[in-house]
Amino acid sequence: MATHSIATEIDIAASPERVWQVLTDWRRYPEWNPFIVGLHGRHEAGARLVATLHPPGGRRLTFRPRLSEFAAGSLMAWRGKLLVAGLLNGEHRFRLEALDGGGTRLHHGEDFSGLLLPLIGDGLLERAHQGFLQMNQALKRRCEALASQATA
């Protein structure tokens, strides 16, 4: 079965607690997140989510993944599928790493697999990758602005 992975990371000058707070405040995503423009559901492994994505240059898509991992303060992942498992599956994940000096490294990625993966083309995967990068930059800006307000 075909697979494709997207892996990004960004260093944020804010504590892991601050980054986690922003990352898990889903109702505020429309205020700052250009890629995941809607995310709703419970913060617990096994919960069904409703996620609305807006990839750069693409149309909005809404799907209903299941939260597969939720380790407060460090890891969040969900699994989604197109129609039925095996056609096009994705596992989206966020992992926070504490950095020396109080900052945070966000690891943000997704593993795609399924029979349709070879047919969706590189354009869709590249738009997803660009969306991840845009979200990372927006998260960095928001967390760093909140951190600077807290110390002002």
# chains A, B, ... in the order shown; residues from 1 in each chain; ligands from 1
call {"tool": "residues_around", "arguments": {"residues": "Gly80 in chain A", "least_positions_apart": "6", "cutoff": "8 Å", "atoms": "only C-alpha atoms", "output": "list of chain:residue names"}}
result
A:Phe63, A:Arg64, A:Pro65, A:Arg66, A:Asn89, A:Gly90, A:Glu91
call {"tool": "write_last_selection", "arguments": {"atoms": "all heavy atoms", "output": "PDB file, in the first residue's frame"}}
result
ATOM      1  N   PHE A  63     -14.146  16.692   7.649  1.00  0.00           N
ATOM      2  CA  PHE A  63     -14.141  15.250   7.868  1.00  0.00           C
ATOM      3  C   PHE A  63     -14.256  14.986   9.363  1.00  0.00           C
ATOM      4  O   PHE A  63     -14.190  15.906  10.171  1.00  0.00           O
ATOM      5  CB  PHE A  63     -12.907  14.588   7.233  1.00  0.00           C
ATOM      6  CG  PHE A  63     -11.607  15.008   7.829  1.00  0.00           C
ATOM      7  CD1 PHE A  63     -10.925  14.170   8.694  1.00  0.00           C
ATOM      8  CD2 PHE A  63     -11.038  16.231   7.519  1.00  0.00           C
ATOM      9  CE1 PHE A  63      -9.725  14.547   9.251  1.00  0.00           C
ATOM     10  CE2 PHE A  63      -9.829  16.612   8.074  1.00  0.00           C
ATOM     11  CZ  PHE A  63      -9.183  15.772   8.940  1.00  0.00           C
ATOM     12  N   ARG A  64     -14.446  13.727   9.712  1.00  0.00           N
ATOM     13  CA  ARG A  64     -14.712  13.339  11.099  1.00  0.00           C
ATOM     14  C   ARG A  64     -13.707  12.291  11.577  1.00  0.00           C
ATOM     15  O   ARG A  64     -14.024  11.112  11.653  1.00  0.00           O
ATOM     16  CB  ARG A  64     -16.148  12.812  11.205  1.00  0.00           C
ATOM     17  CG  ARG A  64     -17.153  13.934  11.053  1.00  0.00           C
ATOM     18  CD  ARG A  64     -18.568  13.456  10.818  1.00  0.00           C
ATOM     19  NE  ARG A  64     -19.481  14.585  10.769  1.00  0.00           N
ATOM     20  CZ  ARG A  64     -19.585  15.448   9.756  1.00  0.00           C
ATOM     21  NH1 ARG A  64     -18.817  15.316   8.702  1.00  0.00           N
ATOM     22  NH2 ARG A  64     -20.449  16.443   9.799  1.00  0.00           N
ATOM     23  N   PRO A  65     -12.512  12.752  11.935  1.00  0.00           N
ATOM     24  CA  PRO A  65     -11.509  11.803  12.432  1.00  0.00           C
ATOM     25  C   PRO A  65     -11.782  11.420  13.881  1.00  0.00           C
ATOM     26  O   PRO A  65     -12.628  12.015  14.554  1.00  0.00           O
ATOM     27  CB  PRO A  65     -10.207  12.611  12.322  1.00  0.00           C
ATOM     28  CG  PRO A  65     -10.647  14.015  12.556  1.00  0.00           C
ATOM     29  CD  PRO A  65     -12.017  14.116  11.909  1.00  0.00           C
ATOM     30  N   ARG A  66     -11.055  10.439  14.344  1.00  0.00           N
ATOM     31  CA  ARG A  66     -11.143  10.009  15.739  1.00  0.00           C
ATOM     32  C   ARG A  66      -9.820  10.378  16.421  1.00  0.00           C
ATOM     33  O   ARG A  66      -8.741  10.116  15.887  1.00  0.00           O
ATOM     34  CB  ARG A  66     -11.386   8.507  15.816  1.00  0.00           C
ATOM     35  CG  ARG A  66     -11.703   8.048  17.240  1.00  0.00           C
ATOM     36  CD  ARG A  66     -12.244   6.641  17.294  1.00  0.00           C
ATOM     37  NE  ARG A  66     -13.473   6.420  16.573  1.00  0.00           N
ATOM     38  CZ  ARG A  66     -14.696   6.726  17.024  1.00  0.00           C
ATOM     39  NH1 ARG A  66     -14.838   7.296  18.201  1.00  0.00           N
ATOM     40  NH2 ARG A  66     -15.757   6.455  16.303  1.00  0.00           N
ATOM     41  N   ASN A  89      -6.274   7.078   4.066  1.00  0.00           N
ATOM     42  CA  ASN A  89      -6.200   7.233   5.517  1.00  0.00           C
ATOM     43  C   ASN A  89      -5.157   8.285   5.845  1.00  0.00           C
ATOM     44  O   ASN A  89      -4.171   8.441   5.128  1.00  0.00           O
ATOM     45  CB  ASN A  89      -5.785   5.920   6.188  1.00  0.00           C
ATOM     46  CG  ASN A  89      -6.697   4.774   5.818  1.00  0.00           C
ATOM     47  OD1 ASN A  89      -7.897   4.952   5.653  1.00  0.00           O
ATOM     48  ND2 ASN A  89      -6.114   3.594   5.683  1.00  0.00           N
ATOM     49  N   GLY A  90      -5.378   8.969   6.962  1.00  0.00           N
ATOM     50  CA  GLY A  90      -4.380   9.918   7.435  1.00  0.00           C
ATOM     51  C   GLY A  90      -4.297   9.889   8.941  1.00  0.00           C
ATOM     52  O   GLY A  90      -5.310   9.733   9.620  1.00  0.00           O
ATOM     53  N   GLU A  91      -3.094  10.002   9.455  1.00  0.00           N
ATOM     54  CA  GLU A  91      -2.892  10.166  10.891  1.00  0.00           C
ATOM     55  C   GLU A  91      -2.124  11.468  11.096  1.00  0.00           C
ATOM     56  O   GLU A  91      -0.967  11.592  10.713  1.00  0.00           O
ATOM     57  CB  GLU A  91      -2.140   9.007  11.531  1.00  0.00           C
ATOM     58  CG  GLU A  91      -1.957   9.287  13.007  1.00  0.00           C
ATOM     59  CD  GLU A  91      -1.873   8.065  13.888  1.00  0.00           C
ATOM     60  OE1 GLU A  91      -1.792   6.943  13.372  1.00  0.00           O
ATOM     61  OE2 GLU A  91      -1.887   8.242  15.111  1.00  0.00           O
TER      62      GLU A  91
END
call {"tool": "select_by_dssp", "arguments": {"residues": "chain A", "states": "strand (DSSP E or B)", "output": "PyMOL selection string"}}
result
chain A and resi 3-12+36-40+48+50-53+61-63+66-71+75-81+89-98+104-113
call {"tool": "write_last_selection", "arguments": {"atoms": "C-alpha atoms", "output": "PDB file, in the first residue's frame"}}
result
ATOM      1  CA  THR A   3       2.364   5.807   1.912  1.00  0.00           C
ATOM      2  CA  HIS A   4       3.425   9.444   2.137  1.00  0.00           C
ATOM      3  CA  SER A   5       4.546  11.409   5.190  1.00  0.00           C
ATOM      4  CA  ILE A   6       4.656  15.117   5.877  1.00  0.00           C
ATOM      5  CA  ALA A   7       6.902  16.195   8.754  1.00  0.00           C
ATOM      6  CA  THR A   8       7.405  19.783   9.877  1.00  0.00           C
ATOM      7  CA  GLU A   9       8.781  21.443  12.962  1.00  0.00           C
ATOM      8  CA  ILE A  10       9.097  24.954  14.304  1.00  0.00           C
ATOM      9  CA  ASP A  11      10.682  26.471  17.397  1.00  0.00           C
ATOM     10  CA  ILE A  12       8.401  28.725  19.436  1.00  0.00           C
ATOM     11  CA  ILE A  36      -7.470  24.042  10.402  1.00  0.00           C
ATOM     12  CA  VAL A  37     -10.285  26.573  10.396  1.00  0.00           C
ATOM     13  CA  GLY A  38     -12.619  24.497  12.569  1.00  0.00           C
ATOM     14  CA  LEU A  39     -12.075  21.717  15.091  1.00  0.00           C
ATOM     15  CA  HIS A  40     -14.712  20.423  17.491  1.00  0.00           C
ATOM     16  CA  ARG A  48     -14.955  11.705  17.345  1.00  0.00           C
ATOM     17  CA  VAL A  50     -15.262  17.390  13.306  1.00  0.00           C
ATOM     18  CA  ALA A  51     -12.355  19.025  11.480  1.00  0.00           C
ATOM     19  CA  THR A  52     -12.586  21.625   8.729  1.00  0.00           C
ATOM     20  CA  LEU A  53      -9.402  22.216   6.746  1.00  0.00           C
ATOM     21  CA  LEU A  61     -12.942  19.996   3.456  1.00  0.00           C
ATOM     22  CA  THR A  62     -14.757  18.716   6.515  1.00  0.00           C
ATOM     23  CA  PHE A  63     -14.141  15.250   7.868  1.00  0.00           C
ATOM     24  CA  ARG A  66     -11.143  10.009  15.739  1.00  0.00           C
ATOM     25  CA  LEU A  67      -8.743  11.362  18.379  1.00  0.00           C
ATOM     26  CA  SER A  68      -6.297   8.466  18.660  1.00  0.00           C
ATOM     27  CA  GLU A  69      -3.915   9.972  21.224  1.00  0.00           C
ATOM     28  CA  PHE A  70      -4.268  12.798  23.702  1.00  0.00           C
ATOM     29  CA  ALA A  71      -1.486  13.126  26.258  1.00  0.00           C
ATOM     30  CA  LEU A  75       0.891  14.828  22.222  1.00  0.00           C
ATOM     31  CA  MET A  76      -2.284  14.958  20.184  1.00  0.00           C
ATOM     32  CA  ALA A  77      -3.089  12.780  17.172  1.00  0.00           C
ATOM     33  CA  TRP A  78      -6.144  11.850  15.160  1.00  0.00           C
ATOM     34  CA  ARG A  79      -6.925   9.299  12.473  1.00  0.00           C
ATOM     35  CA  GLY A  80      -9.211   9.978   9.572  1.00  0.00           C
ATOM     36  CA  LYS A  81     -10.307   8.204   6.429  1.00  0.00           C
ATOM     37  CA  ASN A  89      -6.200   7.233   5.517  1.00  0.00           C
ATOM     38  CA  GLY A  90      -4.380   9.918   7.435  1.00  0.00           C
ATOM     39  CA  GLU A  91      -2.892  10.166  10.891  1.00  0.00           C
ATOM     40  CA  HIS A  92      -2.318  13.803  11.870  1.00  0.00           C
ATOM     41  CA  ARG A  93      -0.133  14.481  14.912  1.00  0.00           C
ATOM     42  CA  PHE A  94       1.265  17.268  17.048  1.00  0.00           C
ATOM     43  CA  ARG A  95       4.050  16.662  19.544  1.00  0.00           C
ATOM     44  CA  LEU A  96       5.594  19.279  21.822  1.00  0.00           C
ATOM     45  CA  GLU A  97       9.236  19.131  22.867  1.00  0.00           C
ATOM     46  CA  ALA A  98      10.513  21.381  25.669  1.00  0.00           C
ATOM     47  CA  THR A 104       9.045  24.691  22.618  1.00  0.00           C
ATOM     48  CA  ARG A 105       9.652  22.751  19.429  1.00  0.00           C
ATOM     49  CA  LEU A 106       6.436  21.757  17.692  1.00  0.00           C
ATOM     50  CA  HIS A 107       6.610  18.575  15.619  1.00  0.00           C
ATOM     51  CA  HIS A 108       3.610  18.601  13.268  1.00  0.00           C
ATOM     52  CA  GLY A 109       3.013  15.946  10.656  1.00  0.00           C
ATOM     53  CA  GLU A 110       0.772  13.443   8.995  1.00  0.00           C
ATOM     54  CA  ASP A 111       1.160   9.973   7.553  1.00  0.00           C
ATOM     55  CA  PHE A 112      -1.053   9.224   4.562  1.00  0.00           C
ATOM     56  CA  SER A 113      -1.780   5.754   3.202  1.00  0.00           C
TER      57      SER A 113
END
call {"tool": "select_by_dssp", "arguments": {"residues": "chain A", "states": "alpha helix (DSSP H)", "output": "ChimeraX atom specification"}}
result
/A:16-24,29-32,117-151
call {"tool": "closest_atom_pairs", "arguments": {"of": "range 11-69 of chain A", "to": "range 126-144 of chain A", "cutoff": "8 Å", "atoms": "only C-alpha atoms", "output": "CSV"}}
result
residue,atom,partner,partner_atom,distance
A:Asp11,CA,A:Lys140,CA,7.7
A:Ile12,CA,A:Lys140,CA,5.3
A:Ala13,CA,A:Glu144,CA,5.8
A:Ala14,CA,A:Glu144,CA,5.7
A:Arg18,CA,A:Cys143,CA,6.6
A:Val19,CA,A:Cys143,CA,6.0
A:Val22,CA,A:Cys143,CA,6.9
A:Leu23,CA,A:Leu139,CA,7.7
A:Trp32,CA,A:Ala138,CA,6.4
A:Asn33,CA,A:Met135,CA,5.8
A:Pro34,CA,A:Met135,CA,6.1
A:Phe35,CA,A:Gly131,CA,5.2
A:Ile36,CA,A:Met135,CA,7.6
A:His54,CA,A:Gly131,CA,7.8
A:Pro55,CA,A:Gly131,CA,5.3
A:Pro56,CA,A:Arg127,CA,5.7
A:Gly57,CA,A:Arg127,CA,7.1
A:Gly58,CA,A:Arg127,CA,7.4
call {"tool": "atom_distance", "arguments": {"atom1": "CA of Glu44 in chain A", "atom2": "CA of Leu82 in chain A"}}
result
22.3 Å
call {"tool": "atom_distance", "arguments": {"atom1": "CA of Trp20 in chain A", "atom2": "CA of Gln149 in chain A"}}
result
17.0 Å
call {"tool": "closest_residue", "arguments": {"among": "A:Leu49, A:Ala72, A:Ala85, A:Leu124", "to": "Gln21 in chain A", "atoms": "only C-alpha atoms"}}
result
A:Ala72
call {"tool": "atom_distance", "arguments": {"atom1": "CA of Ala150 in chain A", "atom2": "CA of Glu17 in chain A"}}
result
13.0 Å
